[in-house]
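The structure file work13.txt is reproduced below (compact mmCIF, C-alpha atoms and all ligand atoms).
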```txt
# COMPACT_ATOMS: atom_id res chain seq x y z
CA MET A 1 100.59 86.23 71.58
CA SER A 2 103.81 85.01 73.20
CA PHE A 3 104.83 86.09 76.69
CA PHE A 4 107.81 88.09 75.44
CA ASP A 5 105.70 89.87 72.79
CA ARG A 6 103.20 90.85 75.52
CA LEU A 7 106.06 92.00 77.70
CA GLY A 8 107.53 94.00 74.80
CA ASP A 9 104.18 95.72 74.20
CA GLY A 10 103.99 96.74 77.86
CA ILE A 11 107.58 98.02 77.84
CA GLU A 12 106.78 100.21 74.86
CA LYS A 13 103.39 101.46 76.11
CA LYS A 14 104.52 102.18 79.67
CA ASP A 15 108.01 103.30 78.65
CA SER A 16 109.33 101.16 81.48
CA LEU A 17 111.41 98.10 82.37
CA VAL A 18 110.15 97.94 85.95
CA CYS A 19 108.95 94.66 87.41
CA VAL A 20 107.35 95.10 90.83
CA GLY A 21 107.95 92.23 93.23
CA LEU A 22 105.07 91.25 95.49
CA ASP A 23 106.58 89.59 98.57
CA PRO A 24 104.26 90.48 101.46
CA VAL A 25 105.43 89.89 105.00
CA PRO A 26 102.49 90.28 107.42
CA SER A 27 104.59 92.03 110.09
CA ARG A 28 105.55 94.74 107.58
CA ILE A 29 102.02 95.39 106.38
CA PRO A 30 100.03 98.20 108.05
CA ASP A 31 97.67 97.06 110.81
CA GLY A 32 94.24 96.02 109.60
CA VAL A 33 95.38 95.46 106.00
CA GLY A 34 95.38 91.87 104.75
CA VAL A 35 97.97 90.43 102.38
CA ALA A 36 95.70 90.38 99.32
CA GLU A 37 94.45 93.91 100.03
CA PHE A 38 98.02 95.17 100.52
CA ASN A 39 99.00 93.72 97.15
CA ARG A 40 95.89 95.09 95.45
CA ARG A 41 96.67 98.59 96.68
CA ILE A 42 100.31 98.28 95.55
CA ILE A 43 99.16 97.03 92.14
CA ASP A 44 96.65 99.88 91.75
CA ALA A 45 99.33 102.41 92.67
CA THR A 46 101.99 101.05 90.29
CA SER A 47 100.00 99.75 87.32
CA ASP A 48 101.08 102.55 84.97
CA VAL A 49 104.77 101.83 85.65
CA ALA A 50 104.96 98.06 86.18
CA VAL A 51 105.45 96.02 83.00
CA ALA A 52 105.36 92.84 85.10
CA TYR A 53 104.57 91.75 88.64
CA LYS A 54 106.60 89.05 90.38
CA PRO A 55 105.07 87.36 93.40
CA ASN A 56 107.57 85.03 95.05
CA THR A 57 105.60 81.94 96.08
CA ALA A 58 107.65 81.58 99.31
CA PHE A 59 105.81 84.53 100.82
CA TYR A 60 102.43 82.89 100.18
CA GLU A 61 103.32 79.26 100.88
CA ALA A 62 104.56 80.39 104.31
CA LEU A 63 101.02 81.52 105.10
CA GLY A 64 99.43 78.11 104.51
CA THR A 65 96.05 77.76 102.84
CA ASP A 66 95.27 81.46 103.35
CA GLY A 67 98.47 82.24 101.51
CA TRP A 68 97.48 80.27 98.43
CA GLY A 69 94.16 82.13 98.39
CA ALA A 70 95.96 85.47 98.64
CA LEU A 71 98.36 84.42 95.86
CA LEU A 72 95.53 83.50 93.49
CA GLU A 73 93.71 86.74 94.25
CA THR A 74 96.93 88.71 93.73
CA VAL A 75 97.72 87.00 90.44
CA GLU A 76 94.23 87.77 89.17
CA GLU A 77 94.47 91.46 90.18
CA ALA A 78 97.99 91.85 88.80
CA SER A 79 97.22 90.12 85.49
CA ALA A 80 94.70 92.82 84.66
CA ALA A 81 97.56 95.35 84.82
CA ALA A 82 100.62 93.47 83.50
CA PRO A 83 101.97 89.94 82.92
CA VAL A 84 102.66 87.99 86.10
CA ILE A 85 105.92 86.11 86.65
CA LEU A 86 105.55 83.52 89.37
CA ASP A 87 108.91 83.34 91.15
CA ALA A 88 108.60 79.70 92.13
CA LYS A 89 112.07 78.36 91.18
CA ARG A 90 110.68 74.92 90.38
CA GLY A 91 112.18 71.90 88.62
CA ASP A 92 111.93 68.17 89.37
CA ILE A 93 111.85 64.82 87.61
CA GLY A 94 109.68 65.20 84.49
CA HIS A 95 106.61 63.58 86.02
CA SER A 96 106.63 66.08 88.90
CA SER A 97 107.74 69.07 86.84
CA ARG A 98 104.64 68.46 84.71
CA ARG A 99 102.49 69.16 87.79
CA TYR A 100 104.56 72.21 88.73
CA ALA A 101 104.11 73.47 85.17
CA GLU A 102 100.37 73.63 85.88
CA LEU A 103 101.19 76.79 87.84
CA LEU A 104 101.33 78.34 84.38
CA ASP A 105 97.54 77.89 84.18
CA VAL A 106 97.29 80.89 86.51
CA ALA A 107 100.44 82.93 85.76
CA ASP A 108 102.04 84.22 82.55
CA ALA A 109 105.59 83.12 83.35
CA ILE A 110 107.57 81.20 85.92
CA THR A 111 111.13 80.92 87.24
CA VAL A 112 112.71 77.45 87.05
CA SER A 113 115.87 75.80 88.27
CA PRO A 114 118.06 74.20 85.56
CA TYR A 115 119.87 71.99 88.07
CA MET A 116 118.05 68.76 87.16
CA GLY A 117 118.52 69.17 83.41
CA THR A 118 116.51 69.32 80.21
CA ASP A 119 113.83 66.75 81.10
CA SER A 120 112.99 68.74 84.23
CA VAL A 121 112.65 72.01 82.29
CA ARG A 122 110.81 70.61 79.25
CA PRO A 123 107.29 70.61 80.78
CA PHE A 124 107.57 74.35 81.45
CA ILE A 125 108.68 75.35 77.96
CA GLU A 126 106.09 73.26 76.11
CA ASP A 127 103.44 75.96 76.34
CA GLY A 128 104.73 78.52 73.83
CA ASP A 129 102.49 81.28 75.23
CA ALA A 130 104.03 81.10 78.70
CA GLY A 131 107.40 82.58 79.65
CA VAL A 132 110.11 80.61 81.45
CA PHE A 133 113.02 82.29 83.24
CA VAL A 134 115.87 79.92 84.05
CA LEU A 135 118.01 80.65 87.13
CA CYS A 136 121.47 81.40 85.74
CA LYS A 137 123.52 83.78 87.92
CA THR A 138 121.69 84.66 91.09
CA THR A 139 122.15 87.62 93.43
CA ASN A 140 123.00 85.82 96.67
CA GLN A 141 126.52 85.61 98.08
CA GLY A 142 126.56 81.82 97.79
CA SER A 143 125.80 81.99 94.08
CA SER A 144 129.51 81.71 93.32
CA GLU A 145 129.74 78.36 95.11
CA PHE A 146 128.35 76.29 92.24
CA GLN A 147 127.36 78.76 89.53
CA GLU A 148 130.92 80.06 89.06
CA LEU A 149 132.64 76.65 89.21
CA ASP A 150 134.88 76.02 86.24
CA ALA A 151 133.42 73.30 84.05
CA GLY A 152 135.50 72.58 80.95
CA GLY A 153 136.97 76.09 80.73
CA LYS A 154 133.88 78.12 81.52
CA PRO A 155 131.67 78.65 84.54
CA VAL A 156 128.63 76.51 85.17
CA TYR A 157 126.37 79.54 84.64
CA ALA A 158 127.75 79.91 81.09
CA HIS A 159 126.68 76.33 80.36
CA VAL A 160 123.23 77.14 81.76
CA ALA A 161 122.97 80.21 79.52
CA GLU A 162 123.98 78.24 76.44
CA ARG A 163 121.57 75.42 77.22
CA ALA A 164 118.80 77.97 77.74
CA VAL A 165 119.47 79.26 74.22
CA ASP A 166 118.78 75.69 73.00
CA TRP A 167 115.60 75.52 75.11
CA ASN A 168 114.49 78.82 73.66
CA ALA A 169 114.85 77.40 70.14
CA VAL A 170 111.81 75.17 70.82
CA ASN A 171 109.17 77.85 71.38
CA GLY A 172 110.96 81.20 71.78
CA ASN A 173 109.73 81.55 75.36
CA VAL A 174 112.87 81.26 77.51
CA GLY A 175 114.77 83.97 79.39
CA LEU A 176 117.35 83.96 82.19
CA VAL A 177 117.41 85.15 85.80
CA VAL A 178 120.63 87.14 86.12
CA GLY A 179 121.28 89.30 89.17
CA ALA A 180 122.43 92.92 88.96
CA THR A 181 124.64 92.51 92.03
CA ASP A 182 127.69 91.49 89.96
CA PRO A 183 127.93 93.55 86.75
CA GLU A 184 131.06 91.76 85.51
CA GLU A 185 129.46 88.34 85.74
CA MET A 186 126.35 89.81 84.15
CA GLU A 187 128.38 90.93 81.14
CA ASN A 188 129.90 87.47 80.94
CA VAL A 189 126.48 85.80 81.05
CA ARG A 190 125.36 88.02 78.17
CA GLU A 191 128.27 86.70 76.07
CA HIS A 192 126.87 83.18 76.37
CA ALA A 193 123.17 84.01 76.30
CA GLY A 194 122.63 85.09 72.70
CA ASP A 195 119.55 87.32 72.50
CA LEU A 196 117.68 85.92 75.51
CA PRO A 197 115.84 88.51 77.65
CA PHE A 198 116.81 88.62 81.32
CA LEU A 199 114.77 88.95 84.47
CA VAL A 200 117.14 91.01 86.62
CA PRO A 201 116.67 90.98 90.40
CA GLY A 202 118.91 92.70 92.93
CA ILE A 203 118.10 96.36 92.33
CA GLY A 204 117.15 98.40 95.40
CA ALA A 205 117.46 96.56 98.71
CA GLN A 206 120.34 94.38 97.42
CA GLY A 207 122.26 97.33 95.95
CA GLY A 208 122.56 96.04 92.36
CA ASP A 209 123.78 98.07 89.40
CA ALA A 210 120.95 99.67 87.40
CA GLU A 211 123.11 100.55 84.41
CA ALA A 212 124.37 96.97 84.01
CA ALA A 213 120.81 95.69 84.47
CA VAL A 214 119.70 97.67 81.41
CA GLU A 215 122.85 97.22 79.33
CA TYR A 216 123.10 93.45 79.68
CA GLY A 217 119.55 92.57 80.69
CA THR A 218 117.68 93.59 77.56
CA ASP A 219 117.60 91.77 74.23
CA PRO A 220 118.11 93.54 70.86
CA ARG A 221 114.40 94.55 70.85
CA GLY A 222 114.87 96.16 74.27
CA VAL A 223 112.92 93.40 76.04
CA GLY A 224 113.89 92.41 79.56
CA VAL A 225 112.68 93.30 83.06
CA VAL A 226 114.35 94.71 86.14
CA ASN A 227 112.77 93.68 89.41
CA SER A 228 112.68 95.52 92.68
CA THR A 229 110.57 94.40 95.60
CA ARG A 230 111.28 95.72 99.12
CA SER A 231 112.43 99.14 97.94
CA ILE A 232 109.03 99.59 96.27
CA ILE A 233 106.45 97.79 98.40
CA TYR A 234 107.97 98.91 101.69
CA ALA A 235 109.02 102.38 100.52
CA GLY A 236 106.57 103.75 103.07
CA ASP A 237 104.72 102.34 106.04
CA GLY A 238 101.37 103.05 107.62
CA ASP A 239 98.97 105.37 105.81
CA GLY A 240 100.11 106.36 102.38
CA PHE A 241 102.19 103.25 101.68
CA GLU A 242 100.69 103.11 98.18
CA GLU A 243 101.85 106.63 97.29
CA ALA A 244 105.35 105.82 98.55
CA ALA A 245 105.39 102.64 96.45
CA ARG A 246 104.22 104.57 93.42
CA GLU A 247 106.93 107.20 93.85
CA SER A 248 109.59 104.53 94.29
CA ALA A 249 108.46 102.64 91.17
CA ARG A 250 108.37 105.87 89.14
CA SER A 251 111.82 106.82 90.36
CA LEU A 252 113.20 103.40 89.36
CA ARG A 253 111.63 103.75 85.91
CA LYS A 254 113.35 107.10 85.49
CA THR A 255 116.72 105.72 86.59
CA LEU A 256 116.49 102.72 84.26
CA ASN A 257 115.25 104.81 81.34
CA GLY A 258 118.35 106.96 81.73
CA TYR A 259 120.36 103.93 80.54
CA ARG A 260 118.12 102.75 77.67
O1 LIG B 1 118.90 85.71 92.10
C1 LIG B 1 117.81 86.00 92.59
C2 LIG B 1 116.64 85.37 92.23
C3 LIG B 1 115.47 85.79 92.79
N1 LIG B 1 115.42 86.81 93.67
C4 LIG B 1 114.11 87.21 94.22
O2 LIG B 1 113.77 88.53 93.76
C5 LIG B 1 113.19 89.28 94.82
C6 LIG B 1 114.14 90.39 95.21
O3 LIG B 1 113.60 91.17 96.26
P1 LIG B 1 114.28 92.56 96.73
O4 LIG B 1 113.42 93.01 97.87
O5 LIG B 1 114.23 93.50 95.56
O6 LIG B 1 115.66 92.26 97.14
C7 LIG B 1 112.92 88.27 95.93
O7 LIG B 1 111.67 87.66 95.71
C8 LIG B 1 114.04 87.25 95.71
O8 LIG B 1 113.73 85.98 96.25
C9 LIG B 1 116.58 87.46 94.01
O9 LIG B 1 116.59 88.41 94.81
N2 LIG B 1 117.75 87.02 93.47
```
Any chance you could put this one into structure tokens?
Ligand SMILES: O=c1ccn([C@@H]2O[C@H](COP(=O)(O)O)[C@@H](O)[C@H]2O)c(=O)[nH]1
Amino acid sequence: MSFFDRLGDGIEKKDSLVCVGLDPVPSRIPDGVGVAEFNRRIIDATSDVAVAYKPNTAFYEALGTDGWGALLETVEEASAAAPVILDAKRGDIGHSSRRYAELLDVADAITVSPYMGTDSVRPFIEDGDAGVFVLCKTTNQGSSEFQELDAGGKPVYAHVAERAVDWNAVNGNVGLVVGATDPEEMENVREHAGDLPFLVPGIGAQGGDAEAAVEYGTDPRGVGVVNSTRSIIYAGDGDGFEEAARESARSLRKTLNGYR
């Protein structure tokens, strides 16, 4: 079954578009709780709401070899509850991208950078069962610097969206990363993105627009995911952090469902 079909099943069964980000920072984790245990407890508490989990590899790579161990453990735990999107933002010359694409042996989907072009993205999209989210219009302030540059009458991100539609024609497994922090640009991306599903970050700690995330982020089948990380995993601290995370994830589901 393809990644987006699996995602669609979860969206229907859990009546949710919520993707829970798993970006553990040791100093923000309660004393005596390790990174993998923290994630496991967050996953257990949110598994009936989360249709996907998104560990950002930065938070594990920063921890060295222990971090990779924690990432693998986390991916295994999370996969039992929902598809896992590895937020790795990879992309390199084809020979190297091929090795990066091996990350898809452990995760269900990955984020990739389109900057180096089709040959750098090809190794990721070859496996039709895996999902690939291409960075298109990101949430950070500096995203306008290159992504909004006019290139032949339309912004660079519009070219990325259109090229991603071509990439999706190969195996039907491509989506876009489009931030909820700029609803107008989000609407514009949708005009160039055909029916591609979006992975929408920026809700919660970054103050993104939940209504736009649902309106422009989902495809005609209603498939797409809206990520929130800090506002869920750090909703509480100390004892009871799991319950706080659960409440925050449930509250986000309710908000998003109000716009479906
Ligand atoms: O444009 C982008 C692309 C990726 N991200 C990542 O998503 C999460 C967001 O975390 P929050 O705590 O919900 O802000 C994080 O891993 C980012 O690196 C993004 O925010 N924007």
Which residues of chain A come within 9 Å of ligand LIG 1 (chain B), and for each one, what is the closest pair of atoms and their distance in Å to one decimal, counting all atoms listed in the file, sorted by chain and residue number, as a tab-separated table?
```
residue	atom	partner	partner_atom	distance
A:Val20	CA	B:LIG1	O5	8.5
A:Gly21	CA	B:LIG1	C5	6.2
A:Leu22	CA	B:LIG1	O7	7.5
A:Asp23	CA	B:LIG1	O7	6.1
A:Lys54	CA	B:LIG1	O7	7.5
A:Pro55	CA	B:LIG1	O7	7.0
A:Asn56	CA	B:LIG1	O7	4.9
A:Thr57	CA	B:LIG1	O7	8.3
A:Ala58	CA	B:LIG1	O8	8.1
A:Phe59	CA	B:LIG1	O7	8.4
A:Asp87	CA	B:LIG1	O7	6.9
A:Lys89	CA	B:LIG1	C3	8.3
A:Thr111	CA	B:LIG1	C3	8.6
A:Leu135	CA	B:LIG1	C2	7.1
A:Cys136	CA	B:LIG1	O1	8.1
A:Lys137	CA	B:LIG1	O1	6.5
A:Thr138	CA	B:LIG1	O1	3.1
A:Thr139	CA	B:LIG1	O1	4.0
A:Asn140	CA	B:LIG1	O1	6.1
A:Ser143	CA	B:LIG1	O1	8.1
A:Val177	CA	B:LIG1	C2	6.5
A:Val178	CA	B:LIG1	O1	6.4
A:Gly179	CA	B:LIG1	O1	5.2
A:Ala180	CA	B:LIG1	O1	8.6
A:Thr181	CA	B:LIG1	O1	8.9
A:Leu199	CA	B:LIG1	C2	8.7
A:Val200	CA	B:LIG1	C1	7.8
A:Pro201	CA	B:LIG1	C9	5.0
A:Gly202	CA	B:LIG1	O9	5.2
A:Ile203	CA	B:LIG1	O5	5.8
A:Gly204	CA	B:LIG1	O5	5.7
A:Ala205	CA	B:LIG1	O6	4.9
A:Gln206	CA	B:LIG1	O6	5.1
A:Gly207	CA	B:LIG1	O6	8.4
A:Asn227	CA	B:LIG1	O5	6.3
A:Ser228	CA	B:LIG1	O5	3.8
A:Thr229	CA	B:LIG1	O5	3.8
A:Arg230	CA	B:LIG1	O4	3.7
A:Ser231	CA	B:LIG1	O4	6.2
A:Ile232	CA	B:LIG1	O5	8.0
A:Ile233	CA	B:LIG1	O4	8.5
A:Tyr234	CA	B:LIG1	O4	8.9
```
Shell of 9 Å around stretch 120-127 of chain A, all atoms listed in the file, local chain residues under 4 positions omitted, as a PyMOL selection string | chain A and resi 90-102+104+110+112-116+131-132+134+167-168+170-174
For each of A:Ile85, A:Ala193, A:Arg41, A:Gly8, take the minimum atom-to-atom distance to A:Gly240, counting all atoms listed in the file, then give the residue where this is smallest.
->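 Nearest candidate to A:Gly240 out of A:Ile85, A:Ala193, A:Arg41, A:Gly8: A:Arg41.
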Using all atoms listed in the file, pick whichever of A:Gly217, A:Pro197, A:Gly128, A:Gly222 has the shortest atom-to-atom distance to A:Met1.
->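 The closest residue to A:Met1 is A:Gly128.
Of the residues under consideration (A:Asp237, A:Asp105, A:Asp166, A:Asp48), A:Asp105 shows the shortest atom-to-atom contact distance to A:Leu72 when counting all atoms listed in the file.
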Which is closer to A:Lys13 than all the others in A:Ala36, A:Ala164, A:Val51, A:Val25, using only C-alpha atoms?
-> A:Val51
Rounded to one decimal in Å, what is the spacing between atom CA of A:Asp66 and atom CA of A:Ala130?
-> 26.2 Å
Taking (130.1, 91.8, 85.4) in the file's coordinates, which residues come within 12 Å, counting only C-alpha atoms, written as a ChimeraX atom specification?
-> /A:137,178-191,208-209,211-213,215-217
Looking at only C-alpha atoms, which of A:Glu148, A:Glu247, A:Glu76, A:Asp15 is the one that sits closest to A:Val160?
->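 Looking at the shortest contact to A:Val160, the residue is A:Glu148.
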A:Glu162, A:Ala45, A:Ala151, A:Ala52: which is nearest A:Ser16, counting only C-alpha atoms?
->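 So, comparing all the options, the nearest one is A:Ala52.
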Please, what distance in Å, to one decimal, runs between atom CA of A:Arg246 and atom CA of A:Ile42?
->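 Atom CA of A:Ile42 lies at a distance of 7.7 Å from atom CA of A:Arg246.
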Could you jot down the atom CA of A:Asp239 to atom CA of A:Phe38 separation for me, Å, one decimal place?
->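 Rounded to one decimal, the two atoms are 11.5 Å apart.
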Residue contacts of A:Leu63 (10 Å, all atoms listed in the file) excluding same-chain residues fewer than 6 positions away, as a list in words |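 My reading of the contact set: Val25, Pro26, Val35, Gly69 and Ala70 of chain A.
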Return as lines of an AutoDock Vina configuration file the centre and edge lengths, in Å with one decimal, of the box along x, y and z that encloses every atom of stretch 163-167 of chain A in the file, padded by 5 Å per side.
```
center_x = 118.6
center_y = 77.3
center_z = 75.4
size_x = 16.0
size_y = 13.8
size_z = 14.7
```
With a distance cut-off of 10 Å and all atoms listed in the file, select the neighbouring residues of A:Glu77, excluding the residue or stretch itself and same-chain residues fewer than 6 positions from it, and output the selection as a list in words.
->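 So the residues in contact are Ala36, Asn39, Arg40, Arg41, Ile43, Asp44, Leu71 and Val84 of chain A.
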Keeping N, CA and C atoms (and nothing else), can you write stretch 121-157 of chain A of this structure as a PDB file, in the first residue's frame?
```pdb
ATOM      1  N   VAL A 121      16.737  14.166  -6.443  1.00  0.00           N
ATOM      2  CA  VAL A 121      15.472  13.741  -5.813  1.00  0.00           C
ATOM      3  C   VAL A 121      15.094  12.324  -6.254  1.00  0.00           C
ATOM      4  N   ARG A 122      15.537  11.949  -7.471  1.00  0.00           N
ATOM      5  CA  ARG A 122      15.109  10.671  -8.052  1.00  0.00           C
ATOM      6  C   ARG A 122      15.292   9.466  -7.129  1.00  0.00           C
ATOM      7  N   PRO A 123      16.450   9.312  -6.461  1.00  0.00           N
ATOM      8  CA  PRO A 123      16.615   8.117  -5.618  1.00  0.00           C
ATOM      9  C   PRO A 123      15.545   7.984  -4.523  1.00  0.00           C
ATOM     10  N   PHE A 124      15.009   9.117  -4.073  1.00  0.00           N
ATOM     11  CA  PHE A 124      14.005   9.066  -3.007  1.00  0.00           C
ATOM     12  C   PHE A 124      12.639   8.627  -3.540  1.00  0.00           C
ATOM     13  N   ILE A 125      12.320   9.012  -4.771  1.00  0.00           N
ATOM     14  CA  ILE A 125      10.965   8.742  -5.272  1.00  0.00           C
ATOM     15  C   ILE A 125      10.853   7.383  -5.948  1.00  0.00           C
ATOM     16  N   GLU A 126      12.001   6.686  -6.089  1.00  0.00           N
ATOM     17  CA  GLU A 126      11.976   5.404  -6.806  1.00  0.00           C
ATOM     18  C   GLU A 126      11.164   4.343  -6.078  1.00  0.00           C
ATOM     19  N   ASP A 127      11.187   4.374  -4.746  1.00  0.00           N
ATOM     20  CA  ASP A 127      10.423   3.398  -3.981  1.00  0.00           C
ATOM     21  C   ASP A 127       8.989   3.913  -3.846  1.00  0.00           C
ATOM     22  N   GLY A 128       8.094   3.334  -4.635  1.00  0.00           N
ATOM     23  CA  GLY A 128       6.711   3.821  -4.694  1.00  0.00           C
ATOM     24  C   GLY A 128       5.950   3.683  -3.388  1.00  0.00           C
ATOM     25  N   ASP A 129       6.443   2.850  -2.466  1.00  0.00           N
ATOM     26  CA  ASP A 129       5.733   2.677  -1.184  1.00  0.00           C
ATOM     27  C   ASP A 129       6.079   3.765  -0.183  1.00  0.00           C
ATOM     28  N   ALA A 130       7.187   4.454  -0.430  1.00  0.00           N
ATOM     29  CA  ALA A 130       7.652   5.474   0.528  1.00  0.00           C
ATOM     30  C   ALA A 130       7.134   6.854   0.113  1.00  0.00           C
ATOM     31  N   GLY A 131       6.907   7.723   1.077  1.00  0.00           N
ATOM     32  CA  GLY A 131       6.466   9.080   0.767  1.00  0.00           C
ATOM     33  C   GLY A 131       7.641  10.041   0.746  1.00  0.00           C
ATOM     34  N   VAL A 132       7.538  11.055  -0.114  1.00  0.00           N
ATOM     35  CA  VAL A 132       8.617  12.053  -0.222  1.00  0.00           C
ATOM     36  C   VAL A 132       7.984  13.447  -0.197  1.00  0.00           C
ATOM     37  N   PHE A 133       8.352  14.236   0.809  1.00  0.00           N
ATOM     38  CA  PHE A 133       7.845  15.608   0.897  1.00  0.00           C
ATOM     39  C   PHE A 133       8.966  16.560   0.505  1.00  0.00           C
ATOM     40  N   VAL A 134       8.709  17.348  -0.538  1.00  0.00           N
ATOM     41  CA  VAL A 134       9.711  18.261  -1.082  1.00  0.00           C
ATOM     42  C   VAL A 134       9.545  19.644  -0.444  1.00  0.00           C
ATOM     43  N   LEU A 135      10.633  20.194   0.087  1.00  0.00           N
ATOM     44  CA  LEU A 135      10.574  21.544   0.668  1.00  0.00           C
ATOM     45  C   LEU A 135      10.161  22.536  -0.408  1.00  0.00           C
ATOM     46  N   CYS A 136       9.088  23.272  -0.168  1.00  0.00           N
ATOM     47  CA  CYS A 136       8.581  24.180  -1.198  1.00  0.00           C
ATOM     48  C   CYS A 136       8.529  25.613  -0.677  1.00  0.00           C
ATOM     49  N   LYS A 137       7.696  25.845   0.342  1.00  0.00           N
ATOM     50  CA  LYS A 137       7.629  27.194   0.951  1.00  0.00           C
ATOM     51  C   LYS A 137       7.709  26.978   2.460  1.00  0.00           C
ATOM     52  N   THR A 138       8.854  27.296   3.011  1.00  0.00           N
ATOM     53  CA  THR A 138       9.113  26.939   4.407  1.00  0.00           C
ATOM     54  C   THR A 138       8.648  28.045   5.357  1.00  0.00           C
ATOM     55  N   THR A 139       8.682  27.743   6.656  1.00  0.00           N
ATOM     56  CA  THR A 139       8.076  28.648   7.641  1.00  0.00           C
ATOM     57  C   THR A 139       9.006  29.754   8.123  1.00  0.00           C
ATOM     58  N   ASN A 140      10.291  29.607   7.875  1.00  0.00           N
ATOM     59  CA  ASN A 140      11.247  30.550   8.480  1.00  0.00           C
ATOM     60  C   ASN A 140      11.225  31.901   7.778  1.00  0.00           C
ATOM     61  N   GLN A 141      11.649  32.934   8.514  1.00  0.00           N
ATOM     62  CA  GLN A 141      11.650  34.297   7.961  1.00  0.00           C
ATOM     63  C   GLN A 141      12.433  34.376   6.667  1.00  0.00           C
ATOM     64  N   GLY A 142      13.587  33.722   6.641  1.00  0.00           N
ATOM     65  CA  GLY A 142      14.465  33.795   5.466  1.00  0.00           C
ATOM     66  C   GLY A 142      13.941  33.034   4.258  1.00  0.00           C
ATOM     67  N   SER A 143      12.792  32.400   4.400  1.00  0.00           N
ATOM     68  CA  SER A 143      12.280  31.595   3.280  1.00  0.00           C
ATOM     69  C   SER A 143      11.991  32.457   2.052  1.00  0.00           C
ATOM     70  N   SER A 144      11.725  33.755   2.286  1.00  0.00           N
ATOM     71  CA  SER A 144      11.417  34.613   1.133  1.00  0.00           C
ATOM     72  C   SER A 144      12.670  34.897   0.294  1.00  0.00           C
ATOM     73  N   GLU A 145      13.833  34.765   0.913  1.00  0.00           N
ATOM     74  CA  GLU A 145      15.086  35.180   0.275  1.00  0.00           C
ATOM     75  C   GLU A 145      15.307  34.520  -1.094  1.00  0.00           C
ATOM     76  N   PHE A 146      15.135  33.226  -1.146  1.00  0.00           N
ATOM     77  CA  PHE A 146      15.267  32.512  -2.430  1.00  0.00           C
ATOM     78  C   PHE A 146      13.921  31.981  -2.938  1.00  0.00           C
ATOM     79  N   GLN A 147      13.114  31.469  -2.020  1.00  0.00           N
ATOM     80  CA  GLN A 147      11.889  30.781  -2.450  1.00  0.00           C
ATOM     81  C   GLN A 147      10.901  31.713  -3.146  1.00  0.00           C
ATOM     82  N   GLU A 148      10.931  33.007  -2.777  1.00  0.00           N
ATOM     83  CA  GLU A 148       9.980  33.948  -3.386  1.00  0.00           C
ATOM     84  C   GLU A 148      10.592  34.738  -4.557  1.00  0.00           C
ATOM     85  N   LEU A 149      11.832  34.472  -4.886  1.00  0.00           N
ATOM     86  CA  LEU A 149      12.468  35.187  -6.002  1.00  0.00           C
ATOM     87  C   LEU A 149      11.680  34.975  -7.284  1.00  0.00           C
ATOM     88  N   ASP A 150      11.528  36.048  -8.048  1.00  0.00           N
ATOM     89  CA  ASP A 150      10.835  35.925  -9.324  1.00  0.00           C
ATOM     90  C   ASP A 150      11.728  35.195 -10.326  1.00  0.00           C
ATOM     91  N   ALA A 151      11.197  34.156 -10.898  1.00  0.00           N
ATOM     92  CA  ALA A 151      11.953  33.403 -11.916  1.00  0.00           C
ATOM     93  C   ALA A 151      11.034  33.191 -13.107  1.00  0.00           C
ATOM     94  N   GLY A 152      11.170  34.061 -14.114  1.00  0.00           N
ATOM     95  CA  GLY A 152      10.343  33.929 -15.315  1.00  0.00           C
ATOM     96  C   GLY A 152       8.872  34.199 -15.041  1.00  0.00           C
ATOM     97  N   GLY A 153       8.586  35.149 -14.154  1.00  0.00           N
ATOM     98  CA  GLY A 153       7.186  35.556 -13.935  1.00  0.00           C
ATOM     99  C   GLY A 153       6.504  34.836 -12.789  1.00  0.00           C
ATOM    100  N   LYS A 154       7.175  33.927 -12.144  1.00  0.00           N
ATOM    101  CA  LYS A 154       6.578  33.311 -10.953  1.00  0.00           C
ATOM    102  C   LYS A 154       7.667  32.972  -9.956  1.00  0.00           C
ATOM    103  N   PRO A 155       7.273  32.865  -8.675  1.00  0.00           N
ATOM    104  CA  PRO A 155       8.305  32.618  -7.666  1.00  0.00           C
ATOM    105  C   PRO A 155       8.944  31.247  -7.801  1.00  0.00           C
ATOM    106  N   VAL A 156      10.156  31.160  -7.273  1.00  0.00           N
ATOM    107  CA  VAL A 156      10.891  29.888  -7.333  1.00  0.00           C
ATOM    108  C   VAL A 156      10.054  28.756  -6.744  1.00  0.00           C
ATOM    109  N   TYR A 157       9.325  29.050  -5.618  1.00  0.00           N
ATOM    110  CA  TYR A 157       8.569  27.960  -4.994  1.00  0.00           C
ATOM    111  C   TYR A 157       7.483  27.408  -5.929  1.00  0.00           C
TER     112      TYR A 157
END
```
